[in-house]
Amino acid sequence: MRKKKPIAVKNKTIDQSRRKFIGNVAGLGAASLLSPTIANAAMSNNVHELSSSVSGKVISRSDTDFELWRKGLVWQAAKPERSPDLIVQANSAEDVIASVNYARKKGLKVIAKSGGHSICGSFLRDDGLLLNMLKMRKVTVDPETQTATAEPGAWGPTLLNALEPHGLGFPVARGGSVSIGGFLMGGGLGFNPNTWRIACFSILGADVVTADGKLITVNEKQHADIYWAVRGAGPGFFGVVTKYYLRAYPLPQAIRTSQYIHPLSEHAKVTGALEKLVPESDHKLELILLLTGNPDKQAVANGAPKQVCLVNVNAYGDSEEESRKLLSTVAFSPLGDKPLAKKEYEVTNLKIMTGDTGSSFPRGRMATEGVWSNSISPVITSLIERMEKAVTPVTTISIRLLGNANLPDEAAFSLIGSTNILSVLTWQDEKDDDNIAEWMRGTMKTLEPYSLGHYINNEDVVTYPKRNNASFSEKSWLRLRKLRKQYDPEGVFHDYYGISDS
Ligand SMILES: Cc1cc2nc3c(=O)[nH]c(=O)nc-3n(C[C@H](O)[C@H](O)[C@H](O)COP(=O)(O)OP(=O)(O)OC[C@H]3O[C@@H](n4cnc5c(N)ncnc54)[C@H](O)[C@@H]3O)c2cc1C
């Protein structure tokens, strides 16, 4: 067990309830309540020591704008109360090394944060040093080898923009402001998933700062077990990635998309059609069913159903002809038969599909939870009732029909199903939090009989720490626990939230 050295910033005398109270004290200056003047002075000295060894900004609890920085780390509007002692805005791998060395010396636990999209704010931990990697977002491309390097703060579109002139693409996230740092670390369910697969399997290597403050390159040949862990460990990885080495892919030349909307009451027709289409579909076809609000507000005002089954179909073909042929299998299925609305064979590309989070994801307080499953019709049928009981109008249950549930390689990312089901709820008012949580609990209970486990990137692993383990095969979880002990014996890095071997 690692022995902590005393440090003024840690304020070890503060218990959780007092922390919560302090967290509730609105914003600025709350940090100064934590510590008497003497402790603050000691903290400034400590921070000065760190500030002089990193090029990026260091923000400590004693800074009056600390609370603004802390809250700004979290992408969504609901800001957890948990708080690190120090935030370091890393500009370089050297900043990361210096911060890890400093933290180890002072007994501060370290965690990295890239885009801040973890819905439960997995990177916000009480105590310790948070490394904000968002400013590290350099991308390079080598068209000859069809590879790229990307720093963890790089947003999906940053990578796509660099690859596109070379006719290359990558399975980035759908949300335009999702950084690749956390996305790849937890797996990455991106575009063209049946061909490009889960994105972390396109990691060829990574530069990692380890618990002893060394910068190492991990890949198939060097530090192979850390390379294994980088590909999917999620928010319990025992290191900080400062750069990914990625395989890129020839960009499909003629991506086309169709959309079919049917009333929720016609779910049996929709799921029946999808159940038949999925096993027959080409790996270049992507099928996504959303149980969601009717996007046509005018039609709703005129009496159309408020909730619908919305099927998005993307064909990643290399010619107009190929993509049309792929999409026509859907057009001539029952999905194409008397929908409320449809769009067919529309031209699109990865950048359009990524959109920006402002338009594709409504902003506000957000909750996401879900499961991997192999079921289609039975699970969707059972979810209809949950939609009817929705407590916020911005309720979507996304069902991504992958078809292929095999994993291409041995990696920490080790649990998958042919169907990824995810409830995505957005609301504005904090007073609705309890209702939302209750709806989510009911929905997760409904999903239980169909669940194979969870996808760690989408889970609330803070409220439900057991979903950490339940996002991996048993064998992979045990290996992750073993590797953590081996590579971070003193516990320099925060473990998975709520998980500890001691
Ligand atoms: C609007 C929106 C759209 C999304 N779309 C998709 C999607 O299409 N597909 C999908 O699979 N997921 C999607 N997600 C989920 C997303 O993949 C996860 O939230 C992911 O963690 C976000 O990456 P991030 O860089 O913002 O992670 P952060 O929230 O910054 O970090 C999450 C965790 O990752 C770890 N981590 C981050 N950076 C590093 C690093 N450099 N080194 C070591 N560990 C690190 C930390 O432990 C941290 O706690 C979406 C989320 C949102 C909010």
# chains A, B, ... in the order shown; residues from 1 in each chain; ligands from 1
$ residues_around --residues "Ser377 (chain A)" --least-positions-apart "5" --cutoff "8 Å" --atoms "only C-alpha atoms" --output "PyMOL selection string"
chain A and resi 268+271-272+275
$ residues_near_ligand --ligand "ligand 1" --cutoff "8 Å" --atoms "only C-alpha atoms and all ligand atoms" --output "PyMOL selection string"
chain A and resi 74-76+111-119+121-124+132-134+151-153+172-191+208+234-243+357+360-361+366+457-458+496
$ residues_around --residues "Asp212 (chain A)" --least-positions-apart "4" --cutoff "12 Å" --atoms "only C-alpha atoms" --output "number ranges by chain"
A: 96-105, 208, 216, 238-240, 486-493
$ atom_distance --atom1 "CA of Pro80 (chain A)" --atom2 "CA of Tyr497 (chain A)"
13.4 Å
$ select_by_dssp --residues "region 317-485 of chain A" --states "helix (DSSP H, G or I)" --output "compact mmCIF listing (two decimals) with N, CA and C atoms, in the first residue's frame"
# COMPACT_ATOMS: atom_id res chain seq x y z
N GLU A 320 -21.53 5.31 -56.36
CA GLU A 320 -22.96 5.60 -56.23
C GLU A 320 -23.75 4.30 -56.38
N GLU A 321 -23.35 3.53 -57.38
CA GLU A 321 -24.07 2.29 -57.67
C GLU A 321 -24.03 1.31 -56.49
N GLU A 322 -22.83 1.19 -55.93
CA GLU A 322 -22.68 0.24 -54.81
C GLU A 322 -23.52 0.67 -53.62
N SER A 323 -23.46 1.96 -53.26
CA SER A 323 -24.21 2.43 -52.10
C SER A 323 -25.71 2.35 -52.34
N ARG A 324 -26.13 2.68 -53.55
CA ARG A 324 -27.58 2.59 -53.86
C ARG A 324 -28.06 1.14 -53.73
N LYS A 325 -27.22 0.24 -54.20
CA LYS A 325 -27.59 -1.18 -54.12
C LYS A 325 -27.73 -1.62 -52.65
N LEU A 326 -26.78 -1.16 -51.83
CA LEU A 326 -26.83 -1.52 -50.40
C LEU A 326 -28.10 -0.95 -49.76
N LEU A 327 -28.39 0.32 -50.06
CA LEU A 327 -29.55 0.96 -49.43
C LEU A 327 -30.87 0.42 -49.97
N SER A 328 -30.84 -0.08 -51.19
CA SER A 328 -32.10 -0.56 -51.78
C SER A 328 -32.63 -1.79 -51.03
N THR A 329 -31.73 -2.55 -50.40
CA THR A 329 -32.20 -3.72 -49.64
C THR A 329 -33.13 -3.25 -48.51
N VAL A 330 -32.84 -2.05 -47.99
CA VAL A 330 -33.67 -1.50 -46.92
C VAL A 330 -34.93 -0.86 -47.51
N ALA A 331 -34.74 -0.15 -48.62
CA ALA A 331 -35.88 0.53 -49.26
C ALA A 331 -36.97 -0.47 -49.63
N PRO A 334 -39.87 -4.00 -45.43
CA PRO A 334 -41.06 -3.34 -44.86
C PRO A 334 -40.76 -1.94 -44.31
N LEU A 335 -39.49 -1.61 -44.09
CA LEU A 335 -39.18 -0.25 -43.60
C LEU A 335 -39.55 0.80 -44.63
N GLY A 336 -39.46 0.42 -45.90
CA GLY A 336 -39.79 1.36 -46.98
C GLY A 336 -41.28 1.43 -47.26
N LEU A 350 -18.32 11.72 -43.81
CA LEU A 350 -18.07 11.55 -42.37
C LEU A 350 -18.19 12.87 -41.62
N LYS A 351 -17.74 13.96 -42.28
CA LYS A 351 -17.78 15.25 -41.57
C LYS A 351 -19.22 15.69 -41.32
N ILE A 352 -20.06 15.51 -42.33
CA ILE A 352 -21.48 15.86 -42.15
C ILE A 352 -22.07 14.97 -41.05
N MET A 353 -21.74 13.69 -41.11
CA MET A 353 -22.31 12.76 -40.13
C MET A 353 -21.83 13.05 -38.71
N THR A 354 -20.62 13.57 -38.59
CA THR A 354 -20.10 13.90 -37.27
C THR A 354 -20.84 15.11 -36.73
N THR A 357 -21.54 18.98 -31.92
CA THR A 357 -22.40 18.53 -30.82
C THR A 357 -23.57 19.49 -30.60
N GLY A 358 -23.38 20.76 -30.98
CA GLY A 358 -24.47 21.72 -30.80
C GLY A 358 -25.72 21.28 -31.52
N SER A 359 -25.56 20.74 -32.73
CA SER A 359 -26.76 20.38 -33.48
C SER A 359 -27.14 18.91 -33.30
N SER A 360 -26.14 18.03 -33.25
CA SER A 360 -26.52 16.61 -33.22
C SER A 360 -26.86 16.11 -31.82
N SER A 377 -35.64 -8.08 -31.69
CA SER A 377 -37.09 -7.87 -31.47
C SER A 377 -37.49 -7.92 -29.99
N PRO A 378 -37.12 -8.97 -29.24
CA PRO A 378 -37.63 -9.03 -27.86
C PRO A 378 -37.21 -7.82 -27.03
N VAL A 379 -35.95 -7.42 -27.15
CA VAL A 379 -35.49 -6.31 -26.30
C VAL A 379 -36.15 -5.00 -26.73
N ILE A 380 -36.30 -4.81 -28.03
CA ILE A 380 -36.90 -3.55 -28.49
C ILE A 380 -38.38 -3.49 -28.07
N THR A 381 -39.05 -4.61 -28.20
CA THR A 381 -40.46 -4.64 -27.79
C THR A 381 -40.59 -4.25 -26.32
N SER A 382 -39.68 -4.75 -25.49
CA SER A 382 -39.78 -4.43 -24.07
C SER A 382 -39.43 -2.97 -23.79
N LEU A 383 -38.72 -2.34 -24.71
CA LEU A 383 -38.34 -0.94 -24.49
C LEU A 383 -39.45 0.06 -24.86
N ILE A 384 -40.43 -0.42 -25.63
CA ILE A 384 -41.50 0.49 -26.08
C ILE A 384 -42.24 1.07 -24.88
N GLU A 385 -42.48 0.22 -23.91
CA GLU A 385 -43.19 0.67 -22.71
C GLU A 385 -42.38 1.74 -21.97
N ARG A 386 -41.04 1.59 -21.98
CA ARG A 386 -40.20 2.59 -21.32
C ARG A 386 -40.30 3.93 -22.05
N MET A 387 -40.38 3.87 -23.37
CA MET A 387 -40.54 5.12 -24.13
C MET A 387 -41.85 5.79 -23.76
N GLU A 388 -42.88 4.97 -23.61
CA GLU A 388 -44.19 5.55 -23.28
C GLU A 388 -44.19 6.19 -21.90
N GLU A 430 -32.36 20.88 -12.80
CA GLU A 430 -31.80 19.98 -11.79
C GLU A 430 -32.89 19.28 -10.98
N LYS A 431 -34.04 19.94 -10.82
CA LYS A 431 -35.09 19.34 -10.00
C LYS A 431 -35.67 18.07 -10.65
N ASP A 432 -35.37 17.86 -11.92
CA ASP A 432 -35.84 16.63 -12.59
C ASP A 432 -34.86 15.46 -12.45
N ASP A 433 -33.72 15.70 -11.81
CA ASP A 433 -32.67 14.67 -11.73
C ASP A 433 -33.20 13.34 -11.17
N ASP A 434 -33.99 13.41 -10.10
CA ASP A 434 -34.43 12.17 -9.45
C ASP A 434 -35.37 11.38 -10.36
N ASN A 435 -36.27 12.09 -11.05
CA ASN A 435 -37.19 11.40 -11.98
C ASN A 435 -36.42 10.72 -13.10
N ILE A 436 -35.41 11.43 -13.58
CA ILE A 436 -34.59 10.87 -14.67
C ILE A 436 -33.89 9.60 -14.17
N ALA A 437 -33.31 9.71 -12.96
CA ALA A 437 -32.57 8.56 -12.41
C ALA A 437 -33.51 7.37 -12.23
N GLU A 438 -34.73 7.65 -11.80
CA GLU A 438 -35.69 6.55 -11.59
C GLU A 438 -36.07 5.91 -12.92
N TRP A 439 -36.28 6.75 -13.93
CA TRP A 439 -36.61 6.19 -15.26
C TRP A 439 -35.46 5.32 -15.76
N MET A 440 -34.25 5.81 -15.56
CA MET A 440 -33.08 5.08 -16.04
C MET A 440 -32.96 3.74 -15.31
N ARG A 441 -33.22 3.75 -13.99
CA ARG A 441 -33.15 2.49 -13.23
C ARG A 441 -34.15 1.49 -13.78
N GLY A 442 -35.38 1.96 -14.04
CA GLY A 442 -36.43 1.09 -14.58
C GLY A 442 -36.03 0.53 -15.94
N THR A 443 -35.43 1.37 -16.74
CA THR A 443 -35.05 0.94 -18.09
C THR A 443 -33.91 -0.08 -18.03
N MET A 444 -32.95 0.18 -17.15
CA MET A 444 -31.84 -0.78 -17.03
C MET A 444 -32.35 -2.12 -16.49
N LYS A 445 -33.36 -2.07 -15.66
CA LYS A 445 -33.96 -3.31 -15.15
C LYS A 445 -34.63 -4.07 -16.30
N THR A 446 -35.32 -3.32 -17.14
CA THR A 446 -35.95 -3.92 -18.33
C THR A 446 -34.89 -4.60 -19.21
N LEU A 447 -33.72 -3.97 -19.28
CA LEU A 447 -32.67 -4.50 -20.17
C LEU A 447 -31.92 -5.70 -19.58
N GLU A 448 -32.00 -5.82 -18.27
CA GLU A 448 -31.20 -6.84 -17.57
C GLU A 448 -31.25 -8.24 -18.21
N PRO A 449 -32.46 -8.77 -18.51
CA PRO A 449 -32.50 -10.14 -19.05
C PRO A 449 -31.81 -10.29 -20.41
N TYR A 450 -31.60 -9.17 -21.09
CA TYR A 450 -31.01 -9.24 -22.44
C TYR A 450 -29.54 -8.83 -22.45
N ILE A 456 -18.14 0.57 -21.50
CA ILE A 456 -17.66 1.45 -20.43
C ILE A 456 -17.72 2.93 -20.78
N ASN A 457 -17.54 3.28 -22.06
CA ASN A 457 -17.54 4.70 -22.46
C ASN A 457 -18.89 5.36 -22.25
N ASN A 458 -19.95 4.57 -22.23
CA ASN A 458 -21.29 5.17 -22.14
C ASN A 458 -21.90 5.03 -20.75
N LYS A 466 -19.87 -1.35 -10.27
CA LYS A 466 -19.78 -2.73 -10.76
C LYS A 466 -19.83 -2.81 -12.28
N ARG A 467 -20.34 -1.74 -12.89
CA ARG A 467 -20.38 -1.75 -14.37
C ARG A 467 -18.97 -1.59 -14.96
N ASN A 468 -17.99 -1.21 -14.11
CA ASN A 468 -16.60 -1.25 -14.59
C ASN A 468 -16.25 -2.68 -14.96
N ASN A 469 -16.33 -3.59 -13.96
CA ASN A 469 -15.98 -4.99 -14.25
C ASN A 469 -16.86 -5.57 -15.35
N GLU A 474 -14.34 -11.67 -18.03
CA GLU A 474 -13.76 -11.94 -16.71
C GLU A 474 -12.23 -12.03 -16.81
N LYS A 475 -11.80 -12.70 -17.87
CA LYS A 475 -10.35 -12.90 -18.05
C LYS A 475 -9.62 -11.55 -18.22
N SER A 476 -10.21 -10.66 -19.01
CA SER A 476 -9.58 -9.36 -19.24
C SER A 476 -9.57 -8.51 -17.98
N TRP A 477 -10.68 -8.58 -17.24
CA TRP A 477 -10.74 -7.80 -16.00
C TRP A 477 -9.63 -8.25 -15.04
N LEU A 478 -9.46 -9.56 -14.91
CA LEU A 478 -8.42 -10.07 -14.00
C LEU A 478 -7.04 -9.64 -14.49
N ARG A 479 -6.86 -9.66 -15.79
CA ARG A 479 -5.56 -9.24 -16.33
C ARG A 479 -5.32 -7.75 -16.08
N LEU A 480 -6.38 -6.94 -16.23
CA LEU A 480 -6.25 -5.50 -15.95
C LEU A 480 -5.87 -5.26 -14.49
N ARG A 481 -6.49 -6.03 -13.60
CA ARG A 481 -6.17 -5.86 -12.18
C ARG A 481 -4.70 -6.22 -11.91
N LYS A 482 -4.25 -7.28 -12.56
CA LYS A 482 -2.87 -7.74 -12.37
C LYS A 482 -1.88 -6.71 -12.94
N LEU A 483 -2.18 -6.20 -14.11
CA LEU A 483 -1.28 -5.24 -14.75
C LEU A 483 -1.18 -3.95 -13.94
N ARG A 484 -2.32 -3.55 -13.38
CA ARG A 484 -2.31 -2.33 -12.55
C ARG A 484 -1.31 -2.50 -11.39
N LYS A 485 -1.38 -3.67 -10.75
CA LYS A 485 -0.47 -3.91 -9.60
C LYS A 485 0.99 -3.92 -10.07
